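> Let me give you the structure first, and then I'll get to my questions.
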Amino acid sequence: MSADQPSVLVVEDEMAQREVLAYNLEAEGFRVIRAENGEEAMLLVDEDTPDIIVLDWMMPNLSGIEVCRRLKTRPETRSIPVIMLSARSEEVDKVRGLETGADDYVVKPYSVVELMARVRSQLRRVRPSTVGLRLEYEDIVLDAETHKVSRSEKPLKLGPTEFRLLSTFMEKPGRVWSREQLLDRVWGRDIYVDTRTVVVHIGRLRKALTQHGGDDPVRTVRGAGYALG
């Protein structure tokens, strides 16, 4: 499983609907995590934090609206985009869903093509490099589509791992990433890599970013991890 693949948690109690969604998302290049109820969704979010959540409103026991409310009140999950699916088409229901913290609201029956477009739109906000966008931070430019990086308009030579590290940092400048978080994002959860490997590749990234001069933009936060700027 590629670490570059954005992950989507699909929470849907109807198996047929869940599998149709998963099939289409996987065809679009997403890694899909499946949950058949709200309780399972809450557990999975902690075990394998997704980039985005597609969440059915009407589920037994723990409803989608309650799952959304809980996720949006927790600092560690607040920024995960949630697309709410519901058969409720009344405006008051849509407003309630959005007020609970949902980032988008799609009424059933929905167009799969439209839903995929909405997923990509939300993903563009949180992981722009996965949809081929150009990222900029001060004098550093990263083109996710062509896999090229430059600083002060001079091309930089980066290995594939250093490129993924830089993409992660440039998506959220200032955010502090722990070694474990970088392992999950850059190497992937299915691969065992020692955290010391992160230190080695951070060193290589720093060397690459300063190959034409300039200050090292990668900051070490003692006891916490690394950040860009």
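Naming scheme: A, B, ... for chains in displayed order of the structure tokens; residues 1 onward per chain; ligands 1 onward as shown.
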Contacts of Arg179 of chain A at 9 Å or less, counting only C-alpha atoms, minus same-chain residues fewer than 2 places along, as a PyMOL selection string?

chain A and resi 177+181-184+195-196+198-199+224-226

> Those selected residues, please, written with C-alpha atoms and delivered as a PDB file, in the first residue's frame.


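That gives us again.pdb:
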ATOM      1  CA  TRP A 177       5.059  16.156  13.175  1.00  0.00           C
ATOM      2  CA  GLN A 181       3.340  10.466  12.483  1.00  0.00           C
ATOM      3  CA  LEU A 182       5.942  10.933   9.751  1.00  0.00           C
ATOM      4  CA  LEU A 183       6.458   7.159   9.567  1.00  0.00           C
ATOM      5  CA  ASP A 184       2.705   6.637   9.047  1.00  0.00           C
ATOM      6  CA  THR A 195      12.001   5.775  13.915  1.00  0.00           C
ATOM      7  CA  ARG A 196      15.753   6.379  13.553  1.00  0.00           C
ATOM      8  CA  VAL A 198      13.189   9.305  10.008  1.00  0.00           C
ATOM      9  CA  VAL A 199      16.196  11.094  11.504  1.00  0.00           C
ATOM     10  CA  ALA A 224       8.040  16.594  19.884  1.00  0.00           C
ATOM     11  CA  GLY A 225       9.328  16.181  16.313  1.00  0.00           C
ATOM     12  CA  TYR A 226       9.902  18.359  13.270  1.00  0.00           C
TER      13      TYR A 226
END

> Among segment 5-192 of chain A, which residues carry a DSSP assignment of alpha helix (DSSP H), reported as a PyMOL selection string?

chain A and resi 15-27+38-47+64-73+91-99+112-126+160-171+179-182

> Near segment 156-166 of chain A, within 8 Å and counting only C-alpha atoms, which residues show up once chain neighbours fewer than 5 positions away are dropped, as an MDAnalysis selection string?

chainID A and resid 4 147:151 182 186:187 201:202 204:205 208:209 211

> Residues at most 12 Å from segment 213-215 of chain A, counting only C-alpha atoms, excluding those fewer than 5 positions away in the same chain, as a short mmCIF file (atom, residue, chain, number, x, y, z; two decimals) with N, CA, C and O atoms, in the first residue's frame?


data_model
loop_
_atom_site.label_atom_id
_atom_site.label_comp_id
_atom_site.auth_asym_id
_atom_site.auth_seq_id
_atom_site.Cartn_x
_atom_site.Cartn_y
_atom_site.Cartn_z
N GLU A 138 7.72 30.08 1.30
CA GLU A 138 8.81 31.05 1.13
C GLU A 138 9.41 30.89 -0.27
O GLU A 138 8.70 31.05 -1.26
N ASP A 139 10.71 30.54 -0.39
CA ASP A 139 11.30 30.44 -1.73
C ASP A 139 11.35 29.00 -2.25
O ASP A 139 11.98 28.71 -3.27
N ILE A 140 10.63 28.08 -1.57
CA ILE A 140 10.60 26.67 -1.99
C ILE A 140 9.31 26.40 -2.75
O ILE A 140 8.22 26.75 -2.29
N ARG A 151 14.26 25.84 -5.25
CA ARG A 151 14.40 26.85 -4.20
C ARG A 151 15.11 28.05 -4.81
O ARG A 151 16.17 27.90 -5.42
N SER A 152 14.49 29.20 -4.67
CA SER A 152 14.99 30.42 -5.32
C SER A 152 15.20 30.17 -6.81
O SER A 152 16.21 30.57 -7.39
N LYS A 154 16.07 27.60 -8.34
CA LYS A 154 17.11 26.62 -8.68
C LYS A 154 16.60 25.23 -8.38
O LYS A 154 16.09 24.98 -7.27
N LEU A 156 16.20 21.45 -7.19
CA LEU A 156 16.80 20.67 -6.11
C LEU A 156 16.68 19.18 -6.43
O LEU A 156 15.66 18.75 -6.97
N ARG A 206 17.32 18.06 4.73
CA ARG A 206 17.98 19.33 5.07
C ARG A 206 19.14 19.62 4.13
O ARG A 206 19.33 20.75 3.67
N LYS A 207 19.92 18.59 3.85
CA LYS A 207 21.07 18.75 2.95
C LYS A 207 20.60 19.14 1.55
O LYS A 207 21.17 20.03 0.90
N ALA A 208 19.51 18.51 1.08
CA ALA A 208 18.98 18.80 -0.25
C ALA A 208 18.44 20.23 -0.33
O ALA A 208 18.64 20.93 -1.33
N LEU A 228 8.19 22.54 9.48
CA LEU A 228 8.72 23.44 8.46
C LEU A 228 8.44 24.86 8.91
O LEU A 228 7.30 25.28 9.00
N GLY A 229 9.51 25.61 9.21
CA GLY A 229 9.35 26.99 9.64
C GLY A 229 9.02 27.14 11.11
O GLY A 229 8.75 26.18 11.82
#

> Take atom CA of Phe169 of chain A and atom CA of Leu135 of chain A and report the distance between them in Å, one decimal.

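Going from atom CA of Phe169 of chain A over to atom CA of Leu135 of chain A covers 10.3 Å.
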
> Considering only C-alpha atoms, give me a table of residues in segment 8-88 of chain A that are at most 10 Å from segment 115-121 of chain A, with the closest atom pair and distance in Å for each, as a tab-separated table.


residue	atom	partner	partner_atom	distance
A:Val8	CA	A:Val119	CA	8.8
A:Leu21	CA	A:Met116	CA	9.2
A:Asn24	CA	A:Met116	CA	8.0
A:Leu25	CA	A:Met116	CA	7.2
A:Glu28	CA	A:Met116	CA	8.0
A:Ile52	CA	A:Val119	CA	7.7
A:Ile53	CA	A:Val119	CA	8.8
A:Val54	CA	A:Val119	CA	8.2
A:Pro81	CA	A:Val119	CA	9.0
A:Val82	CA	A:Val119	CA	9.2
A:Ile83	CA	A:Val119	CA	7.6
A:Leu85	CA	A:Leu115	CA	9.6
